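Peer 1: Provided below: coords_28.cif, containing mmCIF, C-alpha atoms.
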data_coords
#
loop_
_atom_site.label_atom_id
_atom_site.label_comp_id
_atom_site.auth_asym_id
_atom_site.auth_seq_id
_atom_site.Cartn_x
_atom_site.Cartn_y
_atom_site.Cartn_z
CA ALA A 1 7.65 -17.51 -21.83
CA GLU A 2 3.86 -17.74 -22.14
CA GLY A 3 3.49 -14.06 -22.98
CA ARG A 4 2.15 -12.88 -19.63
CA GLU A 5 3.14 -9.63 -17.96
CA GLY A 6 5.42 -10.54 -15.08
CA ILE A 7 4.24 -8.24 -12.32
CA LEU A 8 1.76 -5.36 -12.19
CA PHE A 9 1.62 -2.55 -9.66
CA ASN A 10 0.15 0.90 -9.29
CA GLY A 11 2.38 3.47 -10.97
CA GLY A 12 0.04 6.34 -11.87
CA ARG A 13 -0.86 9.52 -10.02
CA TRP A 14 -2.84 8.42 -6.97
CA GLU A 15 -2.39 7.43 -3.34
CA GLY A 16 -2.32 3.70 -4.10
CA THR A 17 0.96 4.12 -5.96
CA ALA A 18 2.73 5.75 -3.03
CA PHE A 19 1.18 3.46 -0.43
CA ASP A 20 1.98 0.22 -2.23
CA TRP A 21 5.53 1.32 -3.01
CA LEU A 22 6.27 2.48 0.55
CA GLY A 23 6.52 -1.11 1.78
CA ASN A 24 9.81 -1.37 -0.10
CA PHE A 25 11.13 1.69 1.75
CA TRP A 26 9.77 0.72 5.16
CA ALA A 27 11.18 -2.82 4.87
CA GLN A 28 14.64 -1.28 5.07
CA GLY A 29 13.74 0.76 8.14
CA GLY A 30 13.26 4.01 6.21
CA ARG A 31 11.40 6.94 7.76
CA LEU A 32 9.40 9.59 5.95
CA VAL A 33 9.25 12.16 8.76
CA ASP A 34 10.95 12.83 12.08
CA ASP A 35 9.21 13.02 15.45
CA ASP A 36 8.17 16.60 14.71
CA GLY A 37 6.58 15.68 11.38
CA ARG A 38 9.36 17.16 9.23
CA PRO A 39 10.14 15.31 5.97
CA ILE A 40 13.46 13.43 6.25
CA PHE A 41 13.10 10.76 3.56
CA ALA A 42 15.98 12.21 1.50
CA GLU A 43 18.36 12.68 4.43
CA GLY A 44 21.07 10.47 5.94
CA GLU A 45 20.46 6.73 5.80
CA ASN A 46 16.92 7.33 4.58
CA ARG A 47 18.24 8.62 1.27
CA GLY A 48 20.00 5.40 0.33
CA LYS A 49 17.03 3.30 1.40
CA PHE A 50 14.65 5.47 -0.61
CA LEU A 51 16.80 5.28 -3.72
CA ALA A 52 17.13 1.50 -3.40
CA ALA A 53 13.35 1.15 -3.30
CA VAL A 54 12.88 3.43 -6.30
CA GLU A 55 15.58 1.65 -8.27
CA TYR A 56 13.86 -1.66 -7.55
CA TYR A 57 10.70 -0.42 -9.29
CA ARG A 58 12.76 1.08 -12.11
CA ASP A 59 14.62 -2.21 -12.63
CA LEU A 60 11.36 -4.16 -12.78
CA VAL A 61 10.26 -1.99 -15.71
CA GLU A 62 13.60 -1.76 -17.47
CA SER A 63 14.14 -5.53 -17.27
CA GLY A 64 10.71 -6.21 -18.72
CA ALA A 65 9.47 -7.96 -15.57
CA ALA A 66 6.85 -5.21 -15.33
CA PRO A 67 5.31 -3.53 -18.37
CA ARG A 68 5.78 0.19 -18.93
CA ARG A 69 2.03 0.62 -18.79
CA VAL A 70 2.19 0.43 -15.00
CA THR A 71 2.67 4.21 -15.11
CA SER A 72 -0.98 4.50 -16.15
CA ILE A 73 -2.45 2.11 -13.56
CA THR A 74 -4.48 3.94 -10.93
CA ASP A 75 -7.03 1.32 -9.91
CA TYR A 76 -6.80 -2.06 -8.19
CA ASP A 77 -9.57 -3.31 -10.49
CA ALA A 78 -6.98 -3.39 -13.27
CA PHE A 79 -5.30 -6.29 -11.46
CA ASN A 80 -8.55 -8.21 -11.08
CA ALA A 81 -9.14 -7.80 -14.81
CA ALA A 82 -5.66 -9.08 -15.62
CA ALA A 83 -6.18 -12.07 -13.32
CA ALA A 84 -9.48 -12.91 -15.02
CA ALA A 85 -7.91 -12.59 -18.47
CA GLY A 86 -4.84 -14.61 -17.52
CA THR A 87 -2.53 -11.90 -18.81
CA ALA A 88 -0.43 -11.31 -15.68
CA ALA A 89 1.63 -13.60 -13.47
CA MET A 90 1.70 -11.43 -10.31
CA PHE A 91 0.43 -8.13 -8.98
CA VAL A 92 0.92 -5.95 -5.92
CA GLY A 93 -2.56 -5.48 -4.52
CA GLY A 94 -4.63 -5.43 -1.36
CA ASN A 95 -5.79 -8.26 0.87
CA TRP A 96 -9.43 -7.61 -0.08
CA GLN A 97 -8.71 -8.64 -3.65
CA TYR A 98 -8.29 -12.29 -2.72
CA GLY A 99 -11.97 -12.48 -1.82
CA GLN A 100 -12.92 -10.57 -4.94
CA LEU A 101 -11.04 -13.02 -7.14
CA ARG A 102 -12.56 -15.99 -5.35
CA ASN A 103 -16.05 -14.62 -5.95
CA THR A 104 -15.56 -13.69 -9.61
CA LEU A 105 -13.16 -16.20 -11.17
CA ASP A 106 -14.05 -19.76 -12.11
CA ASP A 107 -12.53 -22.42 -9.88
CA ALA A 108 -9.81 -23.43 -12.34
CA THR A 109 -8.61 -19.84 -12.84
CA PHE A 110 -8.82 -18.98 -9.15
CA ALA A 111 -6.71 -22.01 -8.28
CA ASN A 112 -3.78 -20.36 -10.06
CA TRP A 113 -3.68 -17.48 -7.58
CA LYS A 114 -1.99 -17.44 -4.19
CA VAL A 115 -1.14 -14.70 -1.72
CA SER A 116 2.20 -13.80 -0.19
CA GLU A 117 3.90 -11.02 1.67
CA LEU A 118 5.66 -8.39 -0.38
CA PRO A 119 9.23 -9.46 -1.12
CA GLY A 120 11.93 -7.57 0.74
CA PRO A 121 15.61 -6.86 0.17
CA THR A 122 16.38 -9.85 2.43
CA PRO A 123 14.16 -12.59 3.91
CA ASP A 124 14.20 -10.73 7.23
CA GLN A 125 13.33 -7.33 5.77
CA ARG A 126 9.60 -7.22 5.13
CA ALA A 127 6.97 -4.52 5.47
CA THR A 128 3.47 -3.82 4.31
CA GLY A 129 1.34 -0.73 4.58
CA THR A 130 -1.58 -0.97 7.00
CA GLY A 131 -4.58 1.22 7.60
CA GLY A 132 -7.83 2.24 6.06
CA TRP A 133 -10.43 4.88 6.64
CA SER A 134 -10.12 7.67 9.18
CA ILE A 135 -13.40 8.27 11.00
CA ALA A 136 -14.28 11.60 12.57
CA ALA A 137 -17.31 12.95 14.42
CA LEU A 138 -17.91 16.50 13.21
CA SER A 139 -19.76 17.65 16.28
CA GLU A 140 -19.04 19.30 19.62
CA ASP A 141 -21.98 17.52 21.26
CA PRO A 142 -20.51 14.75 23.48
CA ALA A 143 -23.62 12.59 23.02
CA LYS A 144 -23.34 12.75 19.24
CA VAL A 145 -19.61 12.05 19.36
CA GLU A 146 -20.25 9.00 21.56
CA LEU A 147 -22.96 7.77 19.19
CA CYS A 148 -20.66 8.15 16.20
CA GLY A 149 -17.98 6.23 18.06
CA GLU A 150 -20.37 3.38 18.78
CA ILE A 151 -21.44 3.21 15.14
CA ALA A 152 -17.82 3.18 13.95
CA LYS A 153 -17.00 0.42 16.44
CA GLU A 154 -19.86 -1.75 15.19
CA ILE A 155 -18.82 -1.28 11.58
CA TYR A 156 -15.05 -1.66 11.94
CA ALA A 157 -14.45 -3.63 15.15
CA GLY A 158 -17.38 -6.05 15.25
CA PRO A 159 -19.56 -8.17 12.98
CA GLY A 160 -19.67 -5.40 10.38
CA ASN A 161 -15.92 -5.75 10.01
CA ALA A 162 -16.20 -9.46 9.27
CA TYR A 163 -19.20 -9.02 6.98
CA GLN A 164 -17.26 -6.59 4.78
CA GLY A 165 -14.29 -8.92 4.50
CA LEU A 166 -11.98 -6.32 6.01
CA LEU A 167 -8.97 -7.38 8.01
CA PRO A 168 -9.68 -7.32 11.76
CA THR A 169 -8.77 -4.27 13.76
CA SER A 170 -7.50 -6.51 16.58
CA GLY A 171 -5.99 -9.98 16.69
CA ALA A 172 -8.80 -11.37 18.85
CA ILE A 173 -11.36 -10.81 16.08
CA TYR A 174 -9.62 -13.40 13.90
CA ASP A 175 -10.87 -16.17 16.20
CA ARG A 176 -14.34 -14.71 16.71
CA TYR A 177 -15.83 -14.99 13.21
CA ASP A 178 -15.91 -17.77 10.63
CA ALA A 179 -15.26 -15.18 7.93
CA TYR A 180 -11.58 -15.33 8.89
CA ASP A 181 -11.21 -19.08 8.43
CA GLY A 182 -8.78 -20.01 5.70
CA PRO A 183 -5.01 -20.17 5.14
CA GLU A 184 -5.01 -16.75 3.45
CA PHE A 185 -5.98 -15.11 6.73
CA ASP A 186 -3.14 -16.88 8.51
CA LEU A 187 -0.81 -15.26 6.01
CA PHE A 188 -2.49 -11.86 6.37
CA ALA A 189 -2.12 -12.09 10.15
CA ALA A 190 1.58 -12.88 9.81
CA ALA A 191 2.07 -10.04 7.33
CA LEU A 192 0.44 -7.59 9.73
CA GLU A 193 3.25 -8.30 12.18
CA ASN A 194 5.39 -6.38 9.69
CA GLY A 195 2.75 -3.72 9.10
CA VAL A 196 3.59 -0.02 9.03
CA SER A 197 1.02 2.75 9.05
CA ARG A 198 1.31 6.03 7.25
CA PRO A 199 2.62 8.79 9.53
CA GLY A 200 -0.04 10.95 11.10
CA ALA A 201 1.79 14.09 10.02
CA ALA A 202 0.22 17.05 8.25
CA ILE A 203 2.85 16.88 5.53
CA TYR A 204 2.10 13.26 4.55
CA PRO A 205 -0.37 14.07 1.73
CA GLU A 206 2.25 16.23 0.03
CA ILE A 207 4.95 13.58 0.55
CA SER A 208 2.62 11.06 -1.07
CA ASN A 209 1.96 13.44 -3.95
CA GLN A 210 5.67 13.89 -4.53
CA ILE A 211 6.31 10.13 -4.38
CA GLN A 212 3.64 9.63 -7.05
CA ILE A 213 5.30 12.24 -9.28
CA LEU A 214 8.74 10.78 -8.59
CA ILE A 215 7.74 7.23 -9.48
CA GLY A 216 6.09 8.37 -12.70
CA ASN A 217 9.14 10.37 -13.76
CA VAL A 218 11.58 7.56 -12.97
CA LEU A 219 9.57 4.79 -14.63
CA SER A 220 8.98 6.89 -17.74
CA GLY A 221 12.69 7.73 -17.93
CA THR A 222 12.26 11.50 -17.68
CA ALA A 223 14.37 11.72 -14.51
CA SER A 224 17.01 9.66 -12.73
CA PRO A 225 16.16 8.37 -9.24
CA GLU A 226 18.55 10.91 -7.71
CA GLU A 227 17.11 13.83 -9.66
CA ALA A 228 13.55 12.80 -8.89
CA LEU A 229 14.31 12.35 -5.19
CA ASP A 230 15.95 15.77 -4.91
CA ALA A 231 12.94 17.39 -6.59
CA ALA A 232 10.51 15.53 -4.32
CA ALA A 233 12.45 16.44 -1.19
CA SER A 234 12.64 20.11 -2.19
CA ALA A 235 8.91 20.29 -2.87
CA ALA A 236 7.99 18.49 0.34
CA GLN A 237 10.24 20.74 2.42
CA ALA A 238 8.79 23.85 0.78
CA ALA A 239 5.29 22.63 1.60
CA TYR A 240 6.35 21.89 5.18
CA ASP A 241 7.78 25.40 5.54
CA ARG A 242 4.44 26.87 4.43
CA GLN A 243 2.48 25.04 7.09
#
Starting from the file, give its structure as structure tokens.

Peer 2:
Amino acid sequence: AEGREGILFNGGRWEGTAFDWLGNFWAQGGRLVDDDGRPIFAEGENRGKFLAAVEYYRDLVESGAAPRRVTSITDYDAFNAAAAAGTAAMFVGGNWQYGQLRNTLDDATFANWKVSELPGPTPDQRATGTGGWSIAALSEDPAKVELCGEIAKEIYAGPGNAYQGLLPTSGAIYDRYDAYDGPEFDLFAAALENGVSRPGAAIYPEISNQIQILIGNVLSGTASPEEALDAAASAAQAAYDRQ
């Protein structure tokens, strides 16, 4: 009624689009790959769950709750800008953005913003994507590998973790540093109970790529959810067969 965009989310061609959307699929118990790493997101019960999640995004756009321009959003900074300008009511973002908004918005504007878990199909069906950087030691020297491991631990599992405002890598860290004081971190901790990580399968990058294409085609109206899903499944399976 006040002319704001209802809800913003990533809808362009990048990993953030697939990752943010996947929570809607995972909340229903959907699986991208089987135990052998083969893509199964368009098979059996997974197919219906996948389509329901895609249709949810489509309905947000077609109803006007989300603007069609979401298909061009490929950067979380777009949400911070909308929050600062007061042009959006909600957005699907990352936990780190709460601190960014607190540090950049004036007190009156920041007071308008709260955090919540992603909505699910039912109150008991919730999921959120978890994970961050993958760290590797590109050396065969055990001493160097050990040193790299110690550095990574200090950055991501110790005071460096808290200093960066990242979510803790273990529950115990929440109580160890003042940086995690605040009701928002209580909510983040609860949301992590429903966290799902991306599968450590070689085919995941191609699955993500196909999800990005699929979402763009459905939201722009160039393909139905069923057509887009069939195309994505075919491409992912072809890529899997080439591995």

Peer 1: Step by step, work through what the PyMOL selection byres ((chain A and resi 8-14) around 7) selects in the shown file, and finish by giving those residues as a ChimeraX atom specification.

Peer 2: /A:6-7,15-17,66,70-74,90-92,212-213,215-216

Peer 1: Under the rule that all atoms listed in the file are counted, which of A:Ile151, A:Asp141, A:Gly99, A:Pro225 is the nearest residue to Leu166 of chain A?

Peer 2: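 Looking at the shortest contact to Leu166 of chain A, the residue is A:Gly99.
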
Peer 1: Using all atoms listed in the file, I'd like a table of the residues in segment 45-107 of chain A that come within 12 Å of segment 123-129 of chain A; for each, show the closest atom pair and its distance in Å rounded to one decimal, ordered by chain and ascending number, as a Markdown table.

Peer 2:
| residue | atom | partner | partner_atom | distance |
| --- | --- | --- | --- | --- |
| A:Val92 | CA | A:Thr128 | CA | 10.8 |
| A:Gly93 | CA | A:Thr128 | CA | 10.8 |
| A:Gly94 | CA | A:Gly129 | CA | 9.6 |
| A:Asn95 | CA | A:Thr128 | CA | 10.8 |

Peer 1: Name the residues that the PyMOL selection byres ((chain A and resi 156) around 12) picks from the file above, as an MDAnalysis selection string, using the file's chain letters and numbers.

Peer 2: chainID A and resid 131:135 149:155 157:170 173

Peer 1: Counting all atoms listed in the file, which residues have an atom no more than 8 Å from (13.2, 12.8, 7.6) in the file's coordinates? Please list them as an MDAnalysis selection string.

Peer 2: chainID A and resid 31:34 38:43 46

Peer 1: Could you name the residues that touch Glu5 of chain A at 12 Å or less, counting all atoms listed in the file, but leaving out those on the same chain fewer than 2 positions away, as a list in words?

Peer 2: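 Counting all atoms listed in the file, the residues come to Ala1, Glu2, Gly3, Ile7, Leu8, Phe9, Leu60, Val61, Ser63, Gly64, Ala65, Ala66, Pro67, Arg68, Arg69, Val70, Phe79, Ala82, Ala83, Ala85, Gly86, Thr87, Ala88, Ala89, Met90 and Phe91 of chain A.
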
Peer 1: Report, in Å to a single decimal, how far apart atom CA of Glu45 of chain A and atom CA of Gly30 of chain A are.

Peer 2: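 Going from atom CA of Gly30 of chain A over to atom CA of Glu45 of chain A covers 7.7 Å.
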
Peer 1: Spell out the residues picked by the PyMOL selection byres ((chain A and resi 114) around 10) here, as a PyMOL selection string.

Peer 2: chain A and resi 90+98+110-113+115-116+184

Peer 1: Would you mind telling me which residue in A:Ser220, A:Asp106, A:Arg47, A:Ala143 lies nearest to Ala232 of chain A when using only C-alpha atoms?

Peer 2: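 Ranked by minimum distance to Ala232 of chain A, first place goes to A:Arg47.
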
Peer 1: By how many Å are atom CA of Arg4 of chain A and atom CA of Asn217 of chain A apart?

Peer 2: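 Those two atoms sit 25.0 Å apart.
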
Peer 1: Could you jot down the atom CA of Gln28 of chain A to atom CA of Ala190 of chain A separation for me, Å, one decimal place?

Peer 2: 18.1 Å

Peer 1: Have a look at A:Asp175, A:Glu117, A:Asp230, A:Asp181 and name the one nearest to Gly23 of chain A; count all atoms listed in the file.

Peer 2: A:Glu117

Peer 1: Point out the residue among A:Asp20, A:Leu214, A:Leu187, A:Ala239 with the least atom-to-atom distance to Glu227 of chain A, counting only C-alpha atoms.

Peer 2: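 With only C-alpha atoms as the atom set, the closest residue is A:Leu214.
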
Peer 1: Can you pull out every residue within 12 Å of Ala238 of chain A, counting only C-alpha atoms, but drop anything in the same chain fewer than 4 positions away, and send it as a compact mmCIF listing (two decimals) with C-alpha atoms, in the frame of the given file?

Peer 2:
# COMPACT_ATOMS: atom_id res chain seq x y z
CA ARG A 38 9.36 17.16 9.23
CA PRO A 39 10.14 15.31 5.97
CA ILE A 203 2.85 16.88 5.53
CA GLU A 206 2.25 16.23 0.03
CA ILE A 207 4.95 13.58 0.55
CA GLN A 210 5.67 13.89 -4.53
CA ALA A 231 12.94 17.39 -6.59
CA ALA A 232 10.51 15.53 -4.32
CA ALA A 233 12.45 16.44 -1.19
CA SER A 234 12.64 20.11 -2.19
CA ARG A 242 4.44 26.87 4.43
CA GLN A 243 2.48 25.04 7.09

Peer 1: Would you mind telling me which residue in A:Gln237, A:Thr109, A:Thr130, A:Ser224 lies nearest to Gly195 of chain A when using all atoms listed in the file?

Peer 2: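 Under the stated criterion, the closest residue is A:Thr130.
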